[in-house]
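Asks: Here you go, this is query_28.txt (compact mmCIF, C-alpha atoms).
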```
# COMPACT_ATOMS: atom_id res chain seq x y z
CA MET A 1 16.71 20.54 6.94
CA ASP A 2 16.30 18.62 3.71
CA PHE A 3 15.00 15.11 3.62
CA ASN A 4 17.95 12.73 3.53
CA THR A 5 17.30 10.56 0.49
CA ASP A 6 20.42 8.44 0.90
CA ARG A 7 19.34 7.53 4.37
CA PHE A 8 15.83 6.84 3.13
CA ILE A 9 17.06 4.31 0.58
CA ASN A 10 19.24 2.76 3.24
CA ASP A 11 16.15 2.44 5.43
CA LEU A 12 14.21 0.69 2.67
CA ASN A 13 17.08 -1.73 2.22
CA TRP A 14 17.39 -2.23 5.98
CA ARG A 15 13.77 -3.36 6.19
CA TYR A 16 13.05 -7.06 5.87
CA ALA A 17 10.19 -9.33 6.82
CA THR A 18 11.32 -10.08 10.34
CA LYS A 19 10.94 -13.73 11.18
CA MET A 20 12.04 -13.65 14.82
CA PHE A 21 11.18 -10.77 17.12
CA ASP A 22 12.88 -10.07 20.43
CA SER A 23 9.90 -10.41 22.74
CA THR A 24 11.66 -8.44 25.48
CA LYS A 25 11.80 -5.27 23.38
CA LYS A 26 8.72 -3.08 23.26
CA LEU A 27 8.10 0.09 21.30
CA ALA A 28 8.36 3.37 23.15
CA GLN A 29 4.94 5.00 23.32
CA LYS A 30 6.17 8.08 21.45
CA ASP A 31 7.30 5.88 18.55
CA TRP A 32 4.05 3.95 18.49
CA LEU A 33 2.11 7.22 18.23
CA VAL A 34 4.01 8.09 15.05
CA LEU A 35 3.16 4.72 13.54
CA GLU A 36 -0.50 5.24 14.44
CA GLU A 37 -0.43 8.48 12.48
CA SER A 38 1.19 6.72 9.52
CA LEU A 39 -1.87 4.45 9.48
CA ARG A 40 -4.50 7.07 10.20
CA LEU A 41 -3.23 9.58 7.64
CA SER A 42 -2.93 7.03 4.84
CA PRO A 43 -4.51 7.88 1.51
CA SER A 44 -7.53 5.89 0.36
CA SER A 45 -9.86 6.21 -2.59
CA TYR A 46 -12.28 9.11 -1.98
CA GLY A 47 -10.57 9.45 1.40
CA LEU A 48 -13.17 6.97 2.63
CA GLN A 49 -10.87 5.05 4.99
CA PRO A 50 -12.74 1.73 4.68
CA TRP A 51 -10.72 0.16 7.49
CA LYS A 52 -10.16 -0.50 11.15
CA PHE A 53 -6.78 -1.40 12.58
CA LEU A 54 -6.99 -3.74 15.55
CA VAL A 55 -3.95 -3.75 17.81
CA VAL A 56 -4.08 -7.10 19.54
CA GLN A 57 -2.07 -6.96 22.73
CA ASN A 58 -3.97 -9.61 24.70
CA LYS A 59 -1.69 -12.61 25.16
CA ASP A 60 -4.40 -15.24 25.05
CA LEU A 61 -5.82 -13.84 21.84
CA ARG A 62 -2.35 -13.63 20.33
CA ALA A 63 -1.77 -17.30 21.14
CA LYS A 64 -5.05 -18.21 19.45
CA LEU A 65 -4.22 -16.09 16.40
CA LYS A 66 -0.81 -17.70 16.12
CA GLU A 67 -2.47 -21.11 15.74
CA VAL A 68 -4.32 -19.89 12.64
CA SER A 69 -1.29 -18.03 11.25
CA TRP A 70 0.79 -21.01 10.15
CA ASN A 71 2.08 -20.97 13.75
CA GLN A 72 4.37 -18.03 13.01
CA SER A 73 6.13 -16.82 16.15
CA GLN A 74 5.91 -13.16 15.15
CA VAL A 75 2.27 -13.10 16.23
CA VAL A 76 3.15 -13.62 19.87
CA ASP A 77 6.69 -12.20 20.05
CA CYS A 78 6.25 -8.78 18.47
CA SER A 79 5.65 -5.61 20.43
CA HIS A 80 2.46 -4.50 18.66
CA TYR A 81 0.35 -6.82 16.53
CA VAL A 82 -1.79 -4.90 14.04
CA VAL A 83 -4.64 -6.74 12.35
CA PHE A 84 -5.89 -5.00 9.21
CA THR A 85 -9.65 -5.24 8.76
CA THR A 86 -11.73 -3.70 6.00
CA LEU A 87 -15.39 -3.18 5.17
CA LYS A 88 -17.08 -6.23 3.66
CA LYS A 89 -19.20 -3.89 1.59
CA VAL A 90 -19.64 -0.14 1.51
CA THR A 91 -23.05 1.12 2.57
CA LYS A 92 -24.79 4.48 2.36
CA GLU A 93 -24.35 4.70 6.11
CA ASN A 94 -20.57 4.38 5.73
CA VAL A 95 -20.55 7.17 3.18
CA ASP A 96 -22.81 9.35 5.30
CA GLU A 97 -20.55 8.94 8.32
CA PHE A 98 -17.61 10.05 6.20
CA ILE A 99 -19.51 12.99 4.72
CA ALA A 100 -20.63 14.09 8.18
CA ASP A 101 -17.03 13.99 9.35
CA ILE A 102 -15.91 16.14 6.42
CA ALA A 103 -18.69 18.64 7.15
CA LYS A 104 -17.74 18.78 10.81
CA GLN A 105 -14.01 19.13 10.30
CA ARG A 106 -14.28 21.67 7.50
CA GLY A 107 -17.16 23.63 8.96
CA ALA A 108 -19.24 22.91 5.87
CA THR A 109 -22.83 21.75 5.57
CA VAL A 110 -23.71 18.19 4.69
CA GLU A 111 -25.92 19.60 1.93
CA SER A 112 -22.93 21.24 0.23
CA LEU A 113 -21.30 17.80 0.01
CA GLN A 114 -24.21 16.01 -1.66
CA GLY A 115 -22.50 15.93 -5.05
CA TYR A 116 -19.47 14.20 -3.59
CA ARG A 117 -21.66 11.86 -1.53
CA ASN A 118 -23.69 10.85 -4.55
CA ALA A 119 -20.61 10.27 -6.68
CA ILE A 120 -19.24 7.85 -4.09
CA ILE A 121 -22.57 6.08 -3.70
CA GLY A 122 -23.01 5.85 -7.47
CA ASP A 123 -19.66 4.12 -7.69
CA ILE A 124 -18.82 1.88 -4.76
CA VAL A 125 -22.23 1.52 -3.04
CA GLU A 126 -24.63 1.13 -5.95
CA GLY A 127 -22.45 1.17 -9.08
CA PRO A 128 -20.64 -1.69 -10.81
CA ARG A 129 -17.80 -1.53 -8.32
CA SER A 130 -20.17 -2.31 -5.43
CA GLU A 131 -19.77 -5.99 -6.31
CA VAL A 132 -16.04 -5.79 -5.74
CA ALA A 133 -16.21 -3.39 -2.81
CA GLN A 134 -14.46 -5.75 -0.41
CA ALA A 135 -11.50 -6.29 -2.76
CA TRP A 136 -11.45 -2.54 -3.31
CA ALA A 137 -11.37 -1.86 0.42
CA GLN A 138 -8.68 -4.48 0.90
CA ARG A 139 -6.51 -2.80 -1.72
CA GLN A 140 -6.87 0.53 0.06
CA SER A 141 -5.71 -1.04 3.30
CA TYR A 142 -2.50 -2.17 1.63
CA ILE A 143 -1.61 1.49 1.09
CA ALA A 144 -1.81 1.85 4.85
CA MET A 145 0.19 -1.32 5.26
CA GLY A 146 2.91 0.12 3.06
CA ASN A 147 2.90 3.35 5.01
CA LEU A 148 3.22 1.54 8.31
CA MET A 149 6.17 -0.57 7.17
CA ASN A 150 7.82 2.39 5.51
CA ALA A 151 7.45 4.65 8.54
CA ALA A 152 8.70 1.91 10.84
CA ALA A 153 11.77 1.28 8.68
CA GLN A 154 12.66 4.94 8.82
CA MET A 155 12.45 4.76 12.60
CA ARG A 156 14.50 1.55 12.52
CA ILE A 157 11.59 -0.38 13.90
CA ASP A 158 11.05 -3.85 12.48
CA THR A 159 7.92 -5.22 10.89
CA CYS A 160 6.63 -8.40 9.33
CA PRO A 161 3.57 -8.37 7.09
CA LEU A 162 1.46 -11.53 7.43
CA GLU A 163 -0.85 -12.76 4.71
CA GLY A 164 -0.25 -16.33 5.79
CA LEU A 165 -3.22 -16.44 8.10
CA ASP A 166 -6.79 -17.69 8.07
CA PRO A 167 -8.94 -14.55 7.80
CA SER A 168 -12.17 -16.34 8.77
CA ALA A 169 -10.57 -17.79 11.88
CA TYR A 170 -9.27 -14.33 12.78
CA ASP A 171 -12.78 -12.94 12.39
CA LYS A 172 -14.08 -15.56 14.84
CA ILE A 173 -11.34 -15.04 17.40
CA LEU A 174 -11.65 -11.25 17.21
CA ASN A 175 -15.46 -11.29 17.28
CA LEU A 176 -15.76 -9.62 13.90
CA GLU A 177 -18.33 -12.01 12.47
CA ASN A 178 -21.34 -9.83 13.18
CA THR A 179 -19.63 -6.59 12.28
CA GLU A 180 -19.10 -4.75 9.00
CA TYR A 181 -15.39 -5.57 9.05
CA ALA A 182 -13.34 -8.61 8.09
CA THR A 183 -9.66 -9.46 8.42
CA VAL A 184 -7.42 -9.15 5.40
CA ALA A 185 -3.86 -9.31 6.75
CA ALA A 186 -1.68 -8.30 9.70
CA VAL A 187 1.59 -6.59 10.46
CA ALA A 188 3.78 -7.52 13.42
CA VAL A 189 5.76 -4.56 14.75
CA GLY A 190 8.72 -4.64 17.12
CA TYR A 191 12.43 -5.35 17.16
CA ARG A 192 14.35 -8.11 15.43
CA HIS A 193 15.93 -10.82 17.55
CA VAL A 194 19.70 -10.94 17.42
CA ASP A 195 19.40 -14.60 16.35
CA ASP A 196 17.11 -13.95 13.39
CA LYS A 197 19.26 -15.27 10.57
CA TYR A 198 17.05 -13.61 7.96
CA LYS A 199 18.28 -10.17 8.97
CA ASP A 200 21.62 -10.85 7.29
CA ILE A 201 20.34 -12.27 4.01
CA LYS A 202 20.63 -10.08 0.95
CA LYS A 203 17.35 -8.45 -0.08
CA VAL A 204 16.38 -9.57 -3.56
CA ARG A 205 14.56 -7.31 -5.98
CA PHE A 206 14.34 -7.45 -9.72
CA ALA A 207 16.60 -5.01 -11.54
CA LYS A 208 15.08 -1.62 -12.19
CA ASP A 209 14.65 -2.12 -15.92
CA ARG A 210 12.68 -5.30 -15.24
CA VAL A 211 9.96 -3.55 -13.21
CA ILE A 212 10.05 0.09 -14.33
CA GLN A 213 9.48 0.75 -17.99
CA PHE A 214 9.45 4.18 -19.60
CA ILE A 215 7.12 4.83 -22.52
CA ASN A 216 8.54 7.93 -24.16
CA MET B 1 21.11 11.91 12.71
CA ASP B 2 17.80 10.65 14.00
CA PHE B 3 14.74 10.44 11.83
CA ASN B 4 12.65 13.54 12.37
CA THR B 5 9.22 12.20 13.29
CA ASP B 6 7.61 15.63 13.66
CA ARG B 7 8.62 16.50 10.17
CA PHE B 8 7.40 13.11 8.95
CA ILE B 9 3.91 13.70 10.34
CA ASN B 10 3.95 17.18 8.81
CA ASP B 11 4.82 15.59 5.48
CA LEU B 12 1.91 13.17 5.74
CA ASN B 13 -0.41 16.06 6.46
CA TRP B 14 1.11 18.13 3.66
CA ARG B 15 0.27 15.44 1.12
CA TYR B 16 -3.07 15.63 -0.66
CA ALA B 17 -4.51 14.22 -3.86
CA THR B 18 -3.32 16.96 -6.18
CA LYS B 19 -6.03 17.96 -8.62
CA MET B 20 -4.07 20.50 -10.68
CA PHE B 21 -0.40 20.03 -11.50
CA ASP B 22 1.90 22.77 -12.73
CA SER B 23 2.82 21.35 -16.12
CA THR B 24 5.92 23.55 -16.33
CA LYS B 25 7.53 21.89 -13.31
CA LYS B 26 9.38 18.62 -13.85
CA LEU B 27 11.06 16.40 -11.32
CA ALA B 28 14.82 16.56 -11.08
CA GLN B 29 16.32 13.28 -12.24
CA LYS B 30 17.98 12.68 -8.86
CA ASP B 31 14.59 12.93 -7.15
CA TRP B 32 12.92 10.64 -9.64
CA LEU B 33 15.60 8.01 -9.01
CA VAL B 34 14.68 7.99 -5.31
CA LEU B 35 11.03 7.48 -6.15
CA GLU B 36 11.96 4.61 -8.46
CA GLU B 37 13.71 2.95 -5.56
CA SER B 38 10.67 3.48 -3.34
CA LEU B 39 8.72 1.44 -5.89
CA ARG B 40 11.36 -1.16 -6.61
CA LEU B 41 12.18 -1.89 -2.98
CA SER B 42 8.53 -2.20 -1.93
CA PRO B 43 7.55 -5.27 0.06
CA SER B 44 5.26 -7.84 -1.54
CA SER B 45 4.02 -11.23 -0.45
CA TYR B 46 6.84 -13.79 -0.85
CA GLY B 47 8.85 -10.91 -2.29
CA LEU B 48 7.40 -11.96 -5.65
CA GLN B 49 6.94 -8.41 -7.03
CA PRO B 50 3.96 -9.27 -9.25
CA TRP B 51 4.06 -5.89 -10.94
CA LYS B 52 5.40 -3.59 -13.62
CA PHE B 53 5.36 0.17 -13.32
CA LEU B 54 4.90 1.94 -16.65
CA VAL B 55 6.03 5.54 -16.73
CA VAL B 56 4.06 7.09 -19.55
CA GLN B 57 5.85 10.21 -20.79
CA ASN B 58 4.59 10.16 -24.38
CA LYS B 59 2.25 13.11 -24.87
CA ASP B 60 -0.05 11.43 -27.36
CA LEU B 61 -0.50 8.42 -25.13
CA ARG B 62 -1.12 10.67 -22.14
CA ALA B 63 -3.84 12.47 -24.06
CA LYS B 64 -5.49 9.17 -24.93
CA LEU B 65 -5.25 7.96 -21.34
CA LYS B 66 -6.81 11.18 -20.09
CA GLU B 67 -9.91 10.48 -22.16
CA VAL B 68 -10.45 7.21 -20.33
CA SER B 69 -9.59 8.69 -16.92
CA TRP B 70 -12.72 10.77 -16.37
CA ASN B 71 -10.83 13.46 -18.30
CA GLN B 72 -8.71 14.30 -15.28
CA SER B 73 -6.05 16.88 -16.12
CA GLN B 74 -3.46 15.29 -13.87
CA VAL B 75 -2.81 12.63 -16.51
CA VAL B 76 -1.37 15.14 -18.95
CA ASP B 77 -0.09 17.87 -16.61
CA CYS B 78 2.01 15.89 -14.16
CA SER B 79 5.76 15.42 -14.47
CA HIS B 80 5.80 11.61 -14.33
CA TYR B 81 2.71 9.47 -14.91
CA VAL B 82 3.08 6.02 -13.35
CA VAL B 83 0.64 3.30 -14.40
CA PHE B 84 0.51 0.38 -12.00
CA THR B 85 0.09 -2.96 -13.72
CA THR B 86 -0.01 -6.38 -12.11
CA LEU B 87 0.02 -10.01 -13.16
CA LYS B 88 -3.35 -11.33 -14.28
CA LYS B 89 -2.41 -14.69 -12.85
CA VAL B 90 0.75 -16.10 -11.33
CA THR B 91 2.41 -18.88 -13.32
CA LYS B 92 5.18 -21.34 -12.57
CA GLU B 93 7.32 -19.35 -14.98
CA ASN B 94 6.82 -16.20 -12.88
CA VAL B 95 7.89 -18.06 -9.77
CA ASP B 96 10.86 -19.63 -11.52
CA GLU B 97 12.06 -16.25 -12.75
CA PHE B 98 11.90 -14.97 -9.18
CA ILE B 99 13.65 -18.03 -7.77
CA ALA B 100 16.39 -17.74 -10.39
CA ASP B 101 16.89 -14.10 -9.42
CA ILE B 102 17.21 -15.03 -5.75
CA ALA B 103 19.74 -17.73 -6.61
CA LYS B 104 21.76 -15.33 -8.72
CA GLN B 105 21.76 -12.46 -6.25
CA ARG B 106 22.49 -14.62 -3.22
CA GLY B 107 24.95 -16.93 -4.91
CA ALA B 108 22.74 -19.91 -4.05
CA THR B 109 21.61 -22.81 -6.19
CA VAL B 110 18.12 -23.01 -7.61
CA GLU B 111 17.90 -26.49 -6.10
CA SER B 112 18.42 -25.12 -2.58
CA LEU B 113 15.34 -22.92 -3.10
CA GLN B 114 12.96 -25.67 -4.18
CA GLY B 115 11.13 -25.70 -0.87
CA TYR B 116 10.39 -22.00 -1.13
CA ARG B 117 9.47 -22.35 -4.80
CA ASN B 118 7.04 -25.16 -4.12
CA ALA B 119 5.42 -23.33 -1.22
CA ILE B 120 4.68 -20.35 -3.48
CA ILE B 121 3.39 -22.56 -6.28
CA GLY B 122 1.25 -24.56 -3.86
CA ASP B 123 -0.36 -21.33 -2.74
CA ILE B 124 -0.77 -18.71 -5.42
CA VAL B 125 -0.17 -20.76 -8.60
CA GLU B 126 -2.00 -24.03 -7.90
CA GLY B 127 -3.58 -23.55 -4.50
CA PRO B 128 -6.94 -22.02 -3.55
CA ARG B 129 -5.52 -18.53 -3.83
CA SER B 130 -4.68 -19.06 -7.52
CA GLU B 131 -8.29 -18.13 -8.31
CA VAL B 132 -7.84 -14.73 -6.70
CA ALA B 133 -4.27 -14.22 -7.87
CA GLN B 134 -5.05 -11.04 -9.75
CA ALA B 135 -6.75 -9.40 -6.76
CA TRP B 136 -3.83 -10.59 -4.64
CA ALA B 137 -1.31 -9.04 -7.04
CA GLN B 138 -3.32 -5.83 -7.15
CA ARG B 139 -3.25 -5.59 -3.36
CA GLN B 140 0.51 -5.98 -3.36
CA SER B 141 0.84 -3.14 -5.84
CA TYR B 142 -1.00 -0.84 -3.44
CA ILE B 143 1.84 -1.28 -0.97
CA ALA B 144 4.11 0.12 -3.66
CA MET B 145 1.59 2.87 -4.34
CA GLY B 146 1.66 3.83 -0.66
CA ASN B 147 5.44 3.82 -0.68
CA LEU B 148 5.61 6.04 -3.72
CA MET B 149 3.20 8.63 -2.29
CA ASN B 150 4.87 8.50 1.10
CA ALA B 151 8.37 8.94 -0.31
CA ALA B 152 7.21 11.76 -2.56
CA ALA B 153 5.54 13.59 0.32
CA GLN B 154 8.74 13.44 2.32
CA MET B 155 10.54 15.00 -0.63
CA ARG B 156 7.75 17.57 -0.93
CA ILE B 157 6.82 16.21 -4.31
CA ASP B 158 3.11 16.03 -5.10
CA THR B 159 1.12 13.00 -6.17
CA CYS B 160 -2.39 12.05 -7.11
CA PRO B 161 -3.51 8.43 -7.06
CA LEU B 162 -6.02 7.62 -9.79
CA GLU B 163 -8.48 4.76 -9.56
CA GLY B 164 -10.97 6.67 -11.64
CA LEU B 165 -9.85 5.20 -14.92
CA ASP B 166 -10.91 2.45 -17.29
CA PRO B 167 -8.35 -0.32 -16.82
CA SER B 168 -9.37 -2.18 -20.00
CA ALA B 169 -9.01 0.96 -22.09
CA TYR B 170 -5.60 1.56 -20.53
CA ASP B 171 -4.58 -1.98 -21.45
CA LYS B 172 -5.54 -1.32 -25.07
CA ILE B 173 -3.78 2.03 -25.27
CA LEU B 174 -0.65 0.68 -23.62
CA ASN B 175 -0.61 -2.53 -25.66
CA LEU B 176 -0.95 -4.75 -22.61
CA GLU B 177 -3.71 -6.95 -23.96
CA ASN B 178 -1.45 -9.77 -25.06
CA THR B 179 0.83 -9.57 -22.07
CA GLU B 180 0.70 -11.05 -18.58
CA TYR B 181 0.00 -7.66 -17.05
CA ALA B 182 -3.10 -5.53 -16.65
CA THR B 183 -3.67 -2.01 -15.38
CA VAL B 184 -4.99 -1.53 -11.87
CA ALA B 185 -4.44 2.17 -11.08
CA ALA B 186 -2.07 5.08 -11.65
CA VAL B 187 -0.23 7.77 -9.74
CA ALA B 188 0.49 11.20 -11.19
CA VAL B 189 3.71 12.71 -9.82
CA GLY B 190 4.85 16.32 -10.04
CA TYR B 191 4.25 19.68 -8.45
CA ARG B 192 0.97 21.29 -7.45
CA HIS B 193 -0.26 24.29 -9.38
CA VAL B 194 -0.44 27.50 -7.38
CA ASP B 195 -4.11 27.73 -8.38
CA ASP B 196 -5.09 24.26 -7.13
CA LYS B 197 -7.68 25.21 -4.53
CA TYR B 198 -7.60 21.72 -3.04
CA LYS B 199 -4.14 22.33 -1.62
CA ASP B 200 -5.60 24.60 1.04
CA ILE B 201 -8.51 22.43 2.13
CA LYS B 202 -8.22 20.73 5.50
CA LYS B 203 -7.33 17.04 5.29
CA VAL B 204 -10.10 14.95 6.82
CA ARG B 205 -9.41 11.74 8.67
CA PHE B 206 -11.48 9.91 11.22
CA ALA B 207 -10.37 10.39 14.80
CA LYS B 208 -7.78 7.91 15.99
CA ASP B 209 -10.14 6.00 18.27
CA ARG B 210 -12.49 5.45 15.32
CA VAL B 211 -9.91 3.59 13.24
CA ILE B 212 -7.39 2.19 15.70
CA GLN B 213 -8.72 -0.10 18.39
CA PHE B 214 -6.61 -1.74 21.06
CA ILE B 215 -7.58 -5.20 22.28
CA ASN B 216 -5.78 -5.53 25.59
```
Could you render the structure as structure tokens?

Replies:
Amino acid sequence: MDFNTDRFINDLNWRYATKMFDSTKKLAQKDWLVLEESLRLSPSSYGLQPWKFLVVQNKDLRAKLKEVSWNQSQVVDCSHYVVFTTLKKVTKENVDEFIADIAKQRGATVESLQGYRNAIIGDIVEGPRSEVAQAWAQRQSYIAMGNLMNAAAQMRIDTCPLEGLDPSAYDKILNLENTEYATVAAVAVGYRHVDDKYKDIKKVRFAKDRVIQFIN
Amino acid sequence: MDFNTDRFINDLNWRYATKMFDSTKKLAQKDWLVLEESLRLSPSSYGLQPWKFLVVQNKDLRAKLKEVSWNQSQVVDCSHYVVFTTLKKVTKENVDEFIADIAKQRGATVESLQGYRNAIIGDIVEGPRSEVAQAWAQRQSYIAMGNLMNAAAQMRIDTCPLEGLDPSAYDKILNLENTEYATVAAVAVGYRHVDDKYKDIKKVRFAKDRVIQFIN
């Protein structure tokens, strides 16, 4: 069966940043598992996966997070609330964990991967990019964010990405302060409320020739 | 027809960062148009779309870009080479262009959108985030990058994201230096070469409980 591209474009148009979730509607577990894979299998530079996705289901914590998220109702009303956290810097230990995982999963030796290890360390751990490692890691996590929203739309599950939040306050509430990870953004996942007026507003995007330019 | 989630997960696993493209295989125009929509319809904060996607098809330019891309062959061998560029800063004029487009497409007045306009300006143009506007815009573009790779995988079209490039050299080669935009990364799009040994290597991702943590 071929991939249905017409349906795919319809799905992309169907998606919108849901402002009001129906708090009575929860994702089926089988659907959630697909979304988890859309996160886990996301591409990242070097395949390093400099992220952790925290799924905050605790009601008290959600209420606290809402207060530092411009009081947006999505935080408490959605089915699954995914907080995107990324490495504050990339260490040799992070790279070694990744290399060990490659070796294990591919049945290779760690020694055979030294060239790859050293290339990563020479770049993002000790090279010029080490100073912007957090911004780099944050960018990677937005690939995963895109994948999550895209996968959800194709399953006709609603999402709302949230950048309007206080990352430092999130880190406190989620006890991240003494960890390697820090909050960058969040995505609320669930089902739109029938009263969400935003669901009926025309999506606005620049015309194609404004954002895509061929250089022939 | 329901979305086929098993196939979707297979597609995500099928995808890999293609190292060797078959330069004789070009995308069909109908497929390319779908990928364009996956870029154009991508979510971004405020819907502001702080990006331009340059599709570099000129052979001489591709050869020059390859030299400043760690000499990676994908730059010249792929079917479509998409350079992701983003705003260096966000200006009032950028916001006003966006607001005017909303007004036009929704049949609303610009005046009725002043609250939204001023919220954006108070944040990313004049607020504390204005100092990190470029990093912010770059993050947004990675959502589009994820969408492009995801859409391509579902169409069984290969991609390779490239961060291993010299953005300043790209800006020179592509005449971006006196524009509002700057290069952040690129994605090569096309079809894998039968001799690309990387296509057969097991994809490595951390186990689910390493990257997804429930807080109940």

Asks: Neighbours of Phe98 (chain B) within 8 Å (all atoms listed in the file; same-chain residues fewer than 4 positions away dropped), as a list of chain:residue names?

Replies: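 Neighbouring residues, sequence-local ones excluded: A:Phe206, B:Leu48, B:Asn94, B:Ile102.
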
Asks: Please produce, as JSON lines, a per-residue contact table for region 3-43 of chain B versus region 167-190 of chain B (criterion: any atom at most 9 Å away, only C-alpha atoms considered), showing the nearest atom pair and its distance in Å to one decimal, sorted by chain then residue number.

Replies:
```
{"residue": "B:Thr18", "atom": "CA", "partner": "B:Ala188", "partner_atom": "CA", "distance": 8.5}
{"residue": "B:Phe21", "atom": "CA", "partner": "B:Gly190", "partner_atom": "CA", "distance": 6.6}
{"residue": "B:Asp22", "atom": "CA", "partner": "B:Gly190", "partner_atom": "CA", "distance": 7.6}
{"residue": "B:Ser23", "atom": "CA", "partner": "B:Gly190", "partner_atom": "CA", "distance": 8.1}
{"residue": "B:Lys25", "atom": "CA", "partner": "B:Gly190", "partner_atom": "CA", "distance": 7.0}
{"residue": "B:Lys26", "atom": "CA", "partner": "B:Gly190", "partner_atom": "CA", "distance": 6.4}
{"residue": "B:Leu27", "atom": "CA", "partner": "B:Gly190", "partner_atom": "CA", "distance": 6.3}
```

Asks: Counting all atoms listed in the file, what is within 12 Å of Asp196 (chain B), bar same-chain residues fewer than 2 positions away, as a list of chain:residue names?

Replies: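 Near Asp196 (chain B), the qualifying residues are B:Tyr16, B:Ala17, B:Thr18, B:Lys19, B:Met20, B:Phe21, B:Asp22, B:Ser73, B:Gln74, B:Asp158, B:Tyr191, B:Arg192, B:His193, B:Val194, B:Tyr198, B:Lys199, B:Asp200, B:Ile201.
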
Asks: For chain A, list the residues within 6 Å of chain B, counting only C-alpha atoms, and write the list as a list in words.

Replies: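 Result, ordered by chain then number: Lys52, Phe53, Leu54, Val55, Val56, Gln57, Asn58, Ile102, Arg139, Tyr142, Ile143, Gly146, Asn147, Val204, Val211, Ile212, Gln213, Phe214, Ile215 and Asn216 of chain A.
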
Asks: What's the separation between CA of Lys197 (chain B) and CA of Ile121 (chain A), in Å to one decimal place?

Replies: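 Atom-to-atom, CA of Lys197 (chain B) to CA of Ile121 (chain A), that is 24.3 Å.
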
Asks: Please define a box with edges along x, y and z of the file around all atoms of region 126-133 of chain B given in the file, extend it by 5 Å on each side, and return its centre and edge lengths in Å to one decimal, as lines of an AutoDock Vina configuration file.

Replies:
```
center_x = -5.1
center_y = -19.1
center_z = -5.9
size_x = 16.3
size_y = 19.8
size_z = 14.8
```

Asks: Just the number, please: distance in Å from CA of Asp195 (chain B) to CA of Leu65 (chain B), one decimal.

Replies: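 That distance, rounded to one decimal, is 23.7 Å.
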
Asks: Would you work out the distance separating CA of Ile120 (chain A) from CA of Glu131 (chain B), expressed in Å to one decimal?

Replies: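 Computing the Euclidean distance for CA of Ile120 (chain A) and CA of Glu131 (chain B) yields 28.5 Å.
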